[in-house]
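S.K.: To start, I am sharing the structure in question, which I have written as structure tokens.
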Amino acid sequence: MLRYSFDKDRIKVVLLEGIHENAVRFLNESGYNNIEYYKEALKGDRLESIIRQAHIIGIRSRTELRKDILKKAEKLIAVGCFSIGTNQVDLYDAKMLGIPVFNAPFSNTRSVAELVIAEVIMLMRGVPEKNALAHRKIWMKTIGNAVEVRGKTLGIIGYGHIGSQVSVLAESLGMNIIYYDIEKKLNLGNAKPVSSLEELLKISDVVTLHVPSTPLTRKMISATQVRMMKKGSCLINTSRGDVVDYRAVAEALRSGHLAGAAADVFETEPASNNEPFIHELQEFDNVILTPHIGGNTKEAQANIGLEVAEKLVKYSDTGSTIGAVNFVEIALMPNCSSQRFLHIHRNVPGVLREINNFFSLQGINISAEYLQTDADIGYVIVETESELDPSTIEELKKIPHTIKVRMIY
Ligand code: NAI
């Protein structure tokens, strides 16, 4: 019986923008040694000539993979965005070229949660103001409104990955946790859901936002909601800049209704460190302003390196698309049968029949078959009992509406 082997050295992996060494290590450990590593972002002709040779490309946020460049990447089977966001890639076009795109949505969850906890404590102790005064040579040793966080109520808006981590950490400090989410969620520890945003705002000593930017969340904290907050409470926003109307927050700080605030995200953020940052909250000493660094820690970078490399290896080794942001998701274990064929095609009637006909005409028995479709594409995985010569893959490619075919041994 023939036995073809999966030569991983044929798979060329290109990593750009100084991706964390964890990625290289994991790829090597998984048998992928044909790696080209660049510290910088690439564009134009340089990017084009490199991507033409790549089977897998890893980028961070500064390399743009637009339709024109993706179309030239004929060998490319997957893109890894070693980042949270994926705006730098034309996701739909990548999908229509049969290229799943992976990212690391949760690698910095804990980093954000820790910053929030630090801010809760700092704001409730009045530290930002005292710190600012001390820098201006003023000794302000007063108790003022300084309180412990123990026994106080933290209101979390959006009980997803970050919100629930904040909940766990804050509860260990002795805080009472309430949360508001539009989805039904599993309460962690003693956290309690409230039935409305209004209820949460009225009883929380600190309110922290962890929702995505959507039409529903846009300016969800405006003047009306700020007025509902307890007098002397604090607001923290590390989610997205457009979720809070900061002018309303500035008003409430000026009148003393709010005791403090922390903002890490803004509707308009400077594109680079060379651009100035101007904001209405800058006049307040009792506000912590940070330049969108909630998720920026060394650990988060290391986690991102590993998380995306794992997804890329899994896809290359098994065809599993779990965690792809632009693709139908199929979870697959390593291949137990002889060969596994991955067939990506336009989602039009009859393609599956053609694929099955192909194998039956070859006299090959299919031992397992998986199919997942969306409005645009279909992804079929066929496992066979006996082996086909690798050259037969060319025949599979001739099936009308085929986008990409790959064989894994
Ligand atoms: P997630 O998707 O896990 O959780 C979001 C939660 O918000 C979900 O439970 C969802 O049901 C809920 N939600 C959505 N619309 C809502 C509404 N109208 N009212 C109440 N709840 C609503 O997201 P994750 O990972 O927890 O991230 C949360 C936010 O943090 C996102 O906006 C993300 O962009 C931001 N983020 C900020 C970072 C930073 O550096 N400051 C780093 C990472 C994420």
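For the structure tokens, the naming scheme is as follows: chains receive sequential letters (A, B, ...) according to their order of presentation, residues are indexed from 1 within each chain, and ligands are indexed from 1 in presentation order.
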Set out as CSV a contact list for chain A and ligand 1 with a cut-off of 9 Å, giving each residue of chain A that qualifies its closest atom pair and distance in Å to one decimal, counting only C-alpha atoms and all ligand atoms, ordered by chain and rising residue number.
M.R.:
residue,atom,partner,partner_atom_place_in_ligand_line,distance
A:Ile84,CA,ligand 1,43 (C),7.2
A:Gly85,CA,ligand 1,34 (O),8.5
A:Pro105,CA,ligand 1,25 (O),6.6
A:Phe106,CA,ligand 1,25 (O),6.0
A:Ser107,CA,ligand 1,43 (C),8.5
A:Asn108,CA,ligand 1,43 (C),6.1
A:Thr109,CA,ligand 1,43 (C),6.1
A:Ser111,CA,ligand 1,42 (C),7.9
A:Val112,CA,ligand 1,42 (C),5.9
A:Ile157,CA,ligand 1,20 (C),5.6
A:Gly158,CA,ligand 1,7 (O),3.6
A:Tyr159,CA,ligand 1,9 (O),4.5
A:Gly160,CA,ligand 1,4 (O),3.2
A:His161,CA,ligand 1,26 (O),3.8
A:Ile162,CA,ligand 1,26 (O),3.7
A:Gly163,CA,ligand 1,26 (O),5.6
A:Ser164,CA,ligand 1,26 (O),7.6
A:Gln165,CA,ligand 1,26 (O),8.5
A:Tyr179,CA,ligand 1,20 (C),8.7
A:Tyr180,CA,ligand 1,20 (C),5.6
A:Asp181,CA,ligand 1,21 (N),3.6
A:Ile182,CA,ligand 1,20 (C),4.6
A:Glu183,CA,ligand 1,11 (O),4.7
A:Lys184,CA,ligand 1,11 (O),7.8
A:Lys185,CA,ligand 1,9 (O),7.3
A:Leu197,CA,ligand 1,19 (N),7.7
A:Leu209,CA,ligand 1,29 (C),7.6
A:His210,CA,ligand 1,28 (C),4.2
A:Val211,CA,ligand 1,7 (O),3.8
A:Pro212,CA,ligand 1,32 (O),3.4
A:Ser213,CA,ligand 1,32 (O),5.6
A:Thr214,CA,ligand 1,15 (N),7.0
A:Pro215,CA,ligand 1,18 (N),8.3
A:Leu216,CA,ligand 1,18 (N),4.9
A:Thr217,CA,ligand 1,18 (N),4.6
A:Arg218,CA,ligand 1,18 (N),8.4
A:Met220,CA,ligand 1,18 (N),7.6
A:Asn237,CA,ligand 1,41 (N),8.0
A:Thr238,CA,ligand 1,41 (N),4.4
A:Ser239,CA,ligand 1,30 (O),3.8
A:Arg240,CA,ligand 1,32 (O),5.0
A:Gly241,CA,ligand 1,32 (O),8.8
A:Val243,CA,ligand 1,32 (O),8.7
A:Ala263,CA,ligand 1,41 (N),8.9
A:Asp264,CA,ligand 1,41 (N),5.7
A:Val265,CA,ligand 1,41 (N),6.1
A:Pro291,CA,ligand 1,41 (N),8.7
A:His292,CA,ligand 1,40 (O),5.1
A:Ile293,CA,ligand 1,40 (O),4.9
A:Gly294,CA,ligand 1,40 (O),3.6
A:Gly295,CA,ligand 1,40 (O),3.9
A:Asn296,CA,ligand 1,40 (O),6.4
S.K.: For the residues selected in the previous step, produce a file with N, CA and C atoms as a short mmCIF file (atom, residue, chain, number, x, y, z; two decimals), in the first residue's frame.
M.R.:
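Listed below is the output, result20.cif:
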data_model
loop_
_atom_site.label_atom_id
_atom_site.label_comp_id
_atom_site.auth_asym_id
_atom_site.auth_seq_id
_atom_site.Cartn_x
_atom_site.Cartn_y
_atom_site.Cartn_z
N ILE A 84 -5.84 41.46 18.09
CA ILE A 84 -7.24 41.22 18.44
C ILE A 84 -8.09 41.54 17.20
N GLY A 85 -7.82 42.71 16.62
CA GLY A 85 -8.60 43.17 15.47
C GLY A 85 -8.13 42.50 14.18
N PRO A 105 -8.70 36.67 19.91
CA PRO A 105 -9.62 37.61 20.54
C PRO A 105 -9.52 37.70 22.07
N PHE A 106 -9.03 36.65 22.73
CA PHE A 106 -9.10 36.66 24.21
C PHE A 106 -7.74 36.73 24.89
N SER A 107 -6.70 36.92 24.11
CA SER A 107 -5.36 36.83 24.72
C SER A 107 -5.07 37.96 25.70
N ASN A 108 -5.76 39.08 25.55
CA ASN A 108 -5.46 40.20 26.45
C ASN A 108 -6.59 40.48 27.45
N THR A 109 -7.51 39.55 27.55
CA THR A 109 -8.67 39.71 28.44
C THR A 109 -8.23 40.03 29.87
N SER A 111 -5.41 41.15 30.92
CA SER A 111 -4.68 42.42 31.02
C SER A 111 -5.65 43.58 31.23
N VAL A 112 -6.75 43.57 30.47
CA VAL A 112 -7.74 44.65 30.61
C VAL A 112 -8.36 44.57 32.01
N ILE A 157 -21.10 46.55 33.03
CA ILE A 157 -21.98 46.57 31.85
C ILE A 157 -21.30 45.74 30.76
N GLY A 158 -21.90 44.62 30.40
CA GLY A 158 -21.31 43.68 29.45
C GLY A 158 -20.54 42.62 30.21
N TYR A 159 -21.17 41.45 30.39
CA TYR A 159 -20.58 40.39 31.21
C TYR A 159 -19.98 39.31 30.29
N GLY A 160 -19.14 39.76 29.36
CA GLY A 160 -18.50 38.80 28.44
C GLY A 160 -17.17 38.36 29.01
N HIS A 161 -16.19 38.20 28.14
CA HIS A 161 -14.88 37.69 28.59
C HIS A 161 -14.23 38.62 29.60
N ILE A 162 -14.16 39.91 29.26
CA ILE A 162 -13.48 40.85 30.17
C ILE A 162 -14.36 41.12 31.38
N GLY A 163 -15.63 41.43 31.15
CA GLY A 163 -16.54 41.74 32.26
C GLY A 163 -16.54 40.65 33.32
N SER A 164 -16.57 39.40 32.89
CA SER A 164 -16.65 38.31 33.87
C SER A 164 -15.31 38.13 34.60
N GLN A 165 -14.20 38.42 33.93
CA GLN A 165 -12.89 38.37 34.63
C GLN A 165 -12.80 39.47 35.68
N TYR A 179 -24.28 42.98 37.42
CA TYR A 179 -23.95 43.21 36.01
C TYR A 179 -25.22 43.32 35.17
N TYR A 180 -25.04 43.98 34.02
CA TYR A 180 -26.13 44.09 33.05
C TYR A 180 -25.61 43.61 31.70
N ASP A 181 -26.33 42.68 31.10
CA ASP A 181 -25.94 42.16 29.77
C ASP A 181 -27.22 41.88 29.00
N ILE A 182 -27.17 42.04 27.69
CA ILE A 182 -28.38 41.76 26.91
C ILE A 182 -28.56 40.25 26.70
N GLU A 183 -27.50 39.50 26.93
CA GLU A 183 -27.61 38.03 26.81
C GLU A 183 -27.70 37.42 28.21
N LYS A 184 -28.31 36.24 28.28
CA LYS A 184 -28.33 35.50 29.55
C LYS A 184 -26.92 34.96 29.77
N LYS A 185 -26.37 35.19 30.98
CA LYS A 185 -24.99 34.77 31.26
C LYS A 185 -24.93 33.93 32.52
N LEU A 197 -30.27 48.57 32.71
CA LEU A 197 -29.10 49.44 32.84
C LEU A 197 -29.35 50.48 33.93
N LEU A 209 -17.46 49.59 31.93
CA LEU A 209 -18.07 49.17 30.66
C LEU A 209 -17.22 48.15 29.92
N HIS A 210 -17.87 47.05 29.49
CA HIS A 210 -17.16 46.00 28.74
C HIS A 210 -18.02 45.46 27.61
N VAL A 211 -18.59 46.38 26.84
CA VAL A 211 -19.46 45.99 25.72
C VAL A 211 -18.74 46.27 24.40
N PRO A 212 -19.15 45.62 23.31
CA PRO A 212 -18.57 45.97 22.01
C PRO A 212 -19.20 47.26 21.49
N SER A 213 -18.63 47.79 20.43
CA SER A 213 -19.23 48.96 19.79
C SER A 213 -20.27 48.48 18.79
N THR A 214 -21.53 48.77 19.08
CA THR A 214 -22.62 48.37 18.17
C THR A 214 -23.62 49.53 18.12
N PRO A 215 -24.57 49.50 17.20
CA PRO A 215 -25.58 50.57 17.20
C PRO A 215 -26.30 50.65 18.56
N LEU A 216 -26.46 49.52 19.24
CA LEU A 216 -27.14 49.51 20.55
C LEU A 216 -26.30 50.13 21.67
N THR A 217 -24.99 49.98 21.57
CA THR A 217 -24.14 50.47 22.67
C THR A 217 -23.61 51.88 22.43
N ARG A 218 -23.79 52.38 21.21
CA ARG A 218 -23.27 53.72 20.90
C ARG A 218 -23.88 54.76 21.84
N MET A 220 -24.27 54.68 24.92
CA MET A 220 -25.21 54.11 25.88
C MET A 220 -25.07 54.78 27.25
N ASN A 237 -14.20 53.40 31.52
CA ASN A 237 -14.46 52.88 30.17
C ASN A 237 -13.17 52.39 29.53
N THR A 238 -13.08 51.05 29.41
CA THR A 238 -11.96 50.47 28.66
C THR A 238 -12.51 49.69 27.47
N SER A 239 -13.77 49.97 27.08
CA SER A 239 -14.35 49.16 25.99
C SER A 239 -14.11 49.81 24.63
N ARG A 240 -14.97 50.73 24.25
CA ARG A 240 -14.79 51.46 23.00
C ARG A 240 -15.19 52.92 23.22
N GLY A 241 -14.51 53.82 22.52
CA GLY A 241 -14.68 55.25 22.76
C GLY A 241 -16.07 55.77 22.51
N VAL A 243 -18.89 54.46 23.09
CA VAL A 243 -19.91 53.92 23.99
C VAL A 243 -20.32 54.97 25.05
N ALA A 263 -10.60 56.60 31.56
CA ALA A 263 -10.92 56.34 30.15
C ALA A 263 -9.65 55.86 29.44
N ASP A 264 -9.78 54.72 28.77
CA ASP A 264 -8.65 54.14 28.03
C ASP A 264 -8.91 54.20 26.52
N VAL A 265 -10.18 54.44 26.17
CA VAL A 265 -10.56 54.40 24.76
C VAL A 265 -11.36 55.66 24.40
N PRO A 291 -3.62 55.73 27.06
CA PRO A 291 -3.70 55.69 25.58
C PRO A 291 -4.02 54.31 25.01
N HIS A 292 -5.22 53.83 25.28
CA HIS A 292 -5.70 52.53 24.75
C HIS A 292 -4.68 51.41 25.00
N ILE A 293 -4.31 51.29 26.28
CA ILE A 293 -3.30 50.28 26.62
C ILE A 293 -3.90 49.17 27.51
N GLY A 294 -5.21 49.12 27.58
CA GLY A 294 -5.86 48.11 28.43
C GLY A 294 -5.32 46.71 28.18
N GLY A 295 -5.12 46.38 26.93
CA GLY A 295 -4.70 45.02 26.59
C GLY A 295 -3.21 44.90 26.34
N ASN A 296 -2.47 45.99 26.53
CA ASN A 296 -1.05 45.97 26.16
C ASN A 296 -0.15 45.51 27.30
#
S.K.: At a cut-off of 6 Å, using only C-alpha atoms, what residues contact range 373-386 of chain A? Leave out same-chain residues fewer than 6 positions from it and give the result as a PyMOL selection string.
M.R.: chain A and resi 337-347+365-367
S.K.: Record the distance separating CA of Ser320 in chain A and CA of Ile355 in chain A, expressed in Å with one decimal.
M.R.: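 Distance reported for this atom pair: 19.5 Å.
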S.K.: From the list A:Ala331, A:Val351, A:Ile11, A:Met229, which residue is nearest Lys314 in chain A when using only C-alpha atoms?
M.R.: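 Under the stated criterion, the closest residue is A:Ala331.
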S.K.: Can you tell me, as a PyMOL selection string, which residues in range 244-327 of chain A count as strand (DSSP E or B) by DSSP?
M.R.: chain A and resi 244+258-263+287-289+324
S.K.: So which residues touch Thr224 in chain A within 12 Å, counting only C-alpha atoms, skipping near sequence neighbours fewer than 3 positions away, as a PyMOL selection string?
M.R.: chain A and resi 197-198+201-202+219-221+227-229+244-245+248-249+251-252
S.K.: Would you mind exporting the chosen residues as a PDB file, in the first residue's frame, restricted to N, CA, C and O atoms?
M.R.:
ATOM      1  N   LEU A 197     -30.273  48.572  32.710  1.00  0.00           N
ATOM      2  CA  LEU A 197     -29.096  49.435  32.837  1.00  0.00           C
ATOM      3  C   LEU A 197     -29.347  50.476  33.935  1.00  0.00           C
ATOM      4  O   LEU A 197     -28.481  50.766  34.768  1.00  0.00           O
ATOM      5  N   GLU A 198     -30.572  50.981  33.933  1.00  0.00           N
ATOM      6  CA  GLU A 198     -30.970  51.994  34.907  1.00  0.00           C
ATOM      7  C   GLU A 198     -30.749  51.499  36.348  1.00  0.00           C
ATOM      8  O   GLU A 198     -30.170  52.204  37.183  1.00  0.00           O
ATOM      9  N   LEU A 201     -27.065  51.439  37.195  1.00  0.00           N
ATOM     10  CA  LEU A 201     -26.482  52.771  37.377  1.00  0.00           C
ATOM     11  C   LEU A 201     -26.860  53.363  38.740  1.00  0.00           C
ATOM     12  O   LEU A 201     -26.058  54.041  39.377  1.00  0.00           O
ATOM     13  N   LYS A 202     -28.075  53.058  39.177  1.00  0.00           N
ATOM     14  CA  LYS A 202     -28.575  53.676  40.413  1.00  0.00           C
ATOM     15  C   LYS A 202     -27.920  53.122  41.674  1.00  0.00           C
ATOM     16  O   LYS A 202     -27.873  53.806  42.687  1.00  0.00           O
ATOM     17  N   LYS A 219     -23.013  55.434  22.552  1.00  0.00           N
ATOM     18  CA  LYS A 219     -23.422  56.480  23.518  1.00  0.00           C
ATOM     19  C   LYS A 219     -24.436  55.929  24.529  1.00  0.00           C
ATOM     20  O   LYS A 219     -25.393  56.628  24.918  1.00  0.00           O
ATOM     21  N   MET A 220     -24.269  54.680  24.917  1.00  0.00           N
ATOM     22  CA  MET A 220     -25.215  54.108  25.884  1.00  0.00           C
ATOM     23  C   MET A 220     -25.074  54.781  27.246  1.00  0.00           C
ATOM     24  O   MET A 220     -26.001  54.733  28.056  1.00  0.00           O
ATOM     25  N   ILE A 221     -23.915  55.419  27.492  1.00  0.00           N
ATOM     26  CA  ILE A 221     -23.784  56.255  28.683  1.00  0.00           C
ATOM     27  C   ILE A 221     -23.713  57.708  28.206  1.00  0.00           C
ATOM     28  O   ILE A 221     -22.671  58.185  27.728  1.00  0.00           O
ATOM     29  N   ARG A 227     -26.638  61.017  34.866  1.00  0.00           N
ATOM     30  CA  ARG A 227     -27.468  61.575  35.948  1.00  0.00           C
ATOM     31  C   ARG A 227     -28.047  60.475  36.842  1.00  0.00           C
ATOM     32  O   ARG A 227     -28.261  60.667  38.021  1.00  0.00           O
ATOM     33  N   MET A 228     -28.292  59.306  36.258  1.00  0.00           N
ATOM     34  CA  MET A 228     -28.843  58.188  37.057  1.00  0.00           C
ATOM     35  C   MET A 228     -27.811  57.602  38.013  1.00  0.00           C
ATOM     36  O   MET A 228     -28.160  56.903  38.955  1.00  0.00           O
ATOM     37  N   MET A 229     -26.535  57.834  37.727  1.00  0.00           N
ATOM     38  CA  MET A 229     -25.487  57.247  38.581  1.00  0.00           C
ATOM     39  C   MET A 229     -25.519  57.889  39.964  1.00  0.00           C
ATOM     40  O   MET A 229     -25.912  59.041  40.123  1.00  0.00           O
ATOM     41  N   VAL A 244     -19.399  55.906  25.308  1.00  0.00           N
ATOM     42  CA  VAL A 244     -19.646  56.915  26.345  1.00  0.00           C
ATOM     43  C   VAL A 244     -19.629  58.311  25.722  1.00  0.00           C
ATOM     44  O   VAL A 244     -18.783  58.612  24.883  1.00  0.00           O
ATOM     45  N   ASP A 245     -20.568  59.147  26.157  1.00  0.00           N
ATOM     46  CA  ASP A 245     -20.526  60.561  25.780  1.00  0.00           C
ATOM     47  C   ASP A 245     -19.664  61.281  26.826  1.00  0.00           C
ATOM     48  O   ASP A 245     -20.134  61.593  27.921  1.00  0.00           O
ATOM     49  N   ALA A 248     -20.781  64.542  28.556  1.00  0.00           N
ATOM     50  CA  ALA A 248     -21.695  64.385  29.706  1.00  0.00           C
ATOM     51  C   ALA A 248     -20.899  64.019  30.953  1.00  0.00           C
ATOM     52  O   ALA A 248     -21.212  64.482  32.058  1.00  0.00           O
ATOM     53  N   VAL A 249     -19.860  63.208  30.781  1.00  0.00           N
ATOM     54  CA  VAL A 249     -19.023  62.823  31.924  1.00  0.00           C
ATOM     55  C   VAL A 249     -18.288  64.064  32.443  1.00  0.00           C
ATOM     56  O   VAL A 249     -18.225  64.298  33.666  1.00  0.00           O
ATOM     57  N   GLU A 251     -19.249  67.148  32.281  1.00  0.00           N
ATOM     58  CA  GLU A 251     -20.251  67.955  33.004  1.00  0.00           C
ATOM     59  C   GLU A 251     -20.432  67.456  34.434  1.00  0.00           C
ATOM     60  O   GLU A 251     -20.443  68.227  35.390  1.00  0.00           O
ATOM     61  N   ALA A 252     -20.570  66.123  34.540  1.00  0.00           N
ATOM     62  CA  ALA A 252     -20.837  65.519  35.857  1.00  0.00           C
ATOM     63  C   ALA A 252     -19.608  65.631  36.767  1.00  0.00           C
ATOM     64  O   ALA A 252     -19.754  65.725  37.987  1.00  0.00           O
TER      65      ALA A 252
END
S.K.: Skip range 144-156 of chain A itself and residues of its chain fewer than 4 positions away, then list as a list in words all residues within 7 Å of it, counting only C-alpha atoms.
M.R.: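 So, after excluding close chain neighbours, the residues are Ile121, Met124, Arg125, Gly126, Gly163, Leu173, Gly174, Met175, Asn176, Ile177, Ile178, Tyr179, Tyr180, Leu200, Ser204, Asp205, Val206, Val207, Thr208 and Leu209 of chain A.
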S.K.: Find the residue from A:Val120, A:Ile138, A:Ala324, A:Leu312 that sits nearest to Leu27 in chain A; use only C-alpha atoms when measuring.
M.R.: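 Nearest to Leu27 in chain A: A:Leu312.
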S.K.: For each of A:Ala54, A:Val79, A:Ala104, A:Leu388, take the minimum atom-to-atom distance to Val308 in chain A, counting only C-alpha atoms, then give the residue where this is smallest.
M.R.: A:Ala104
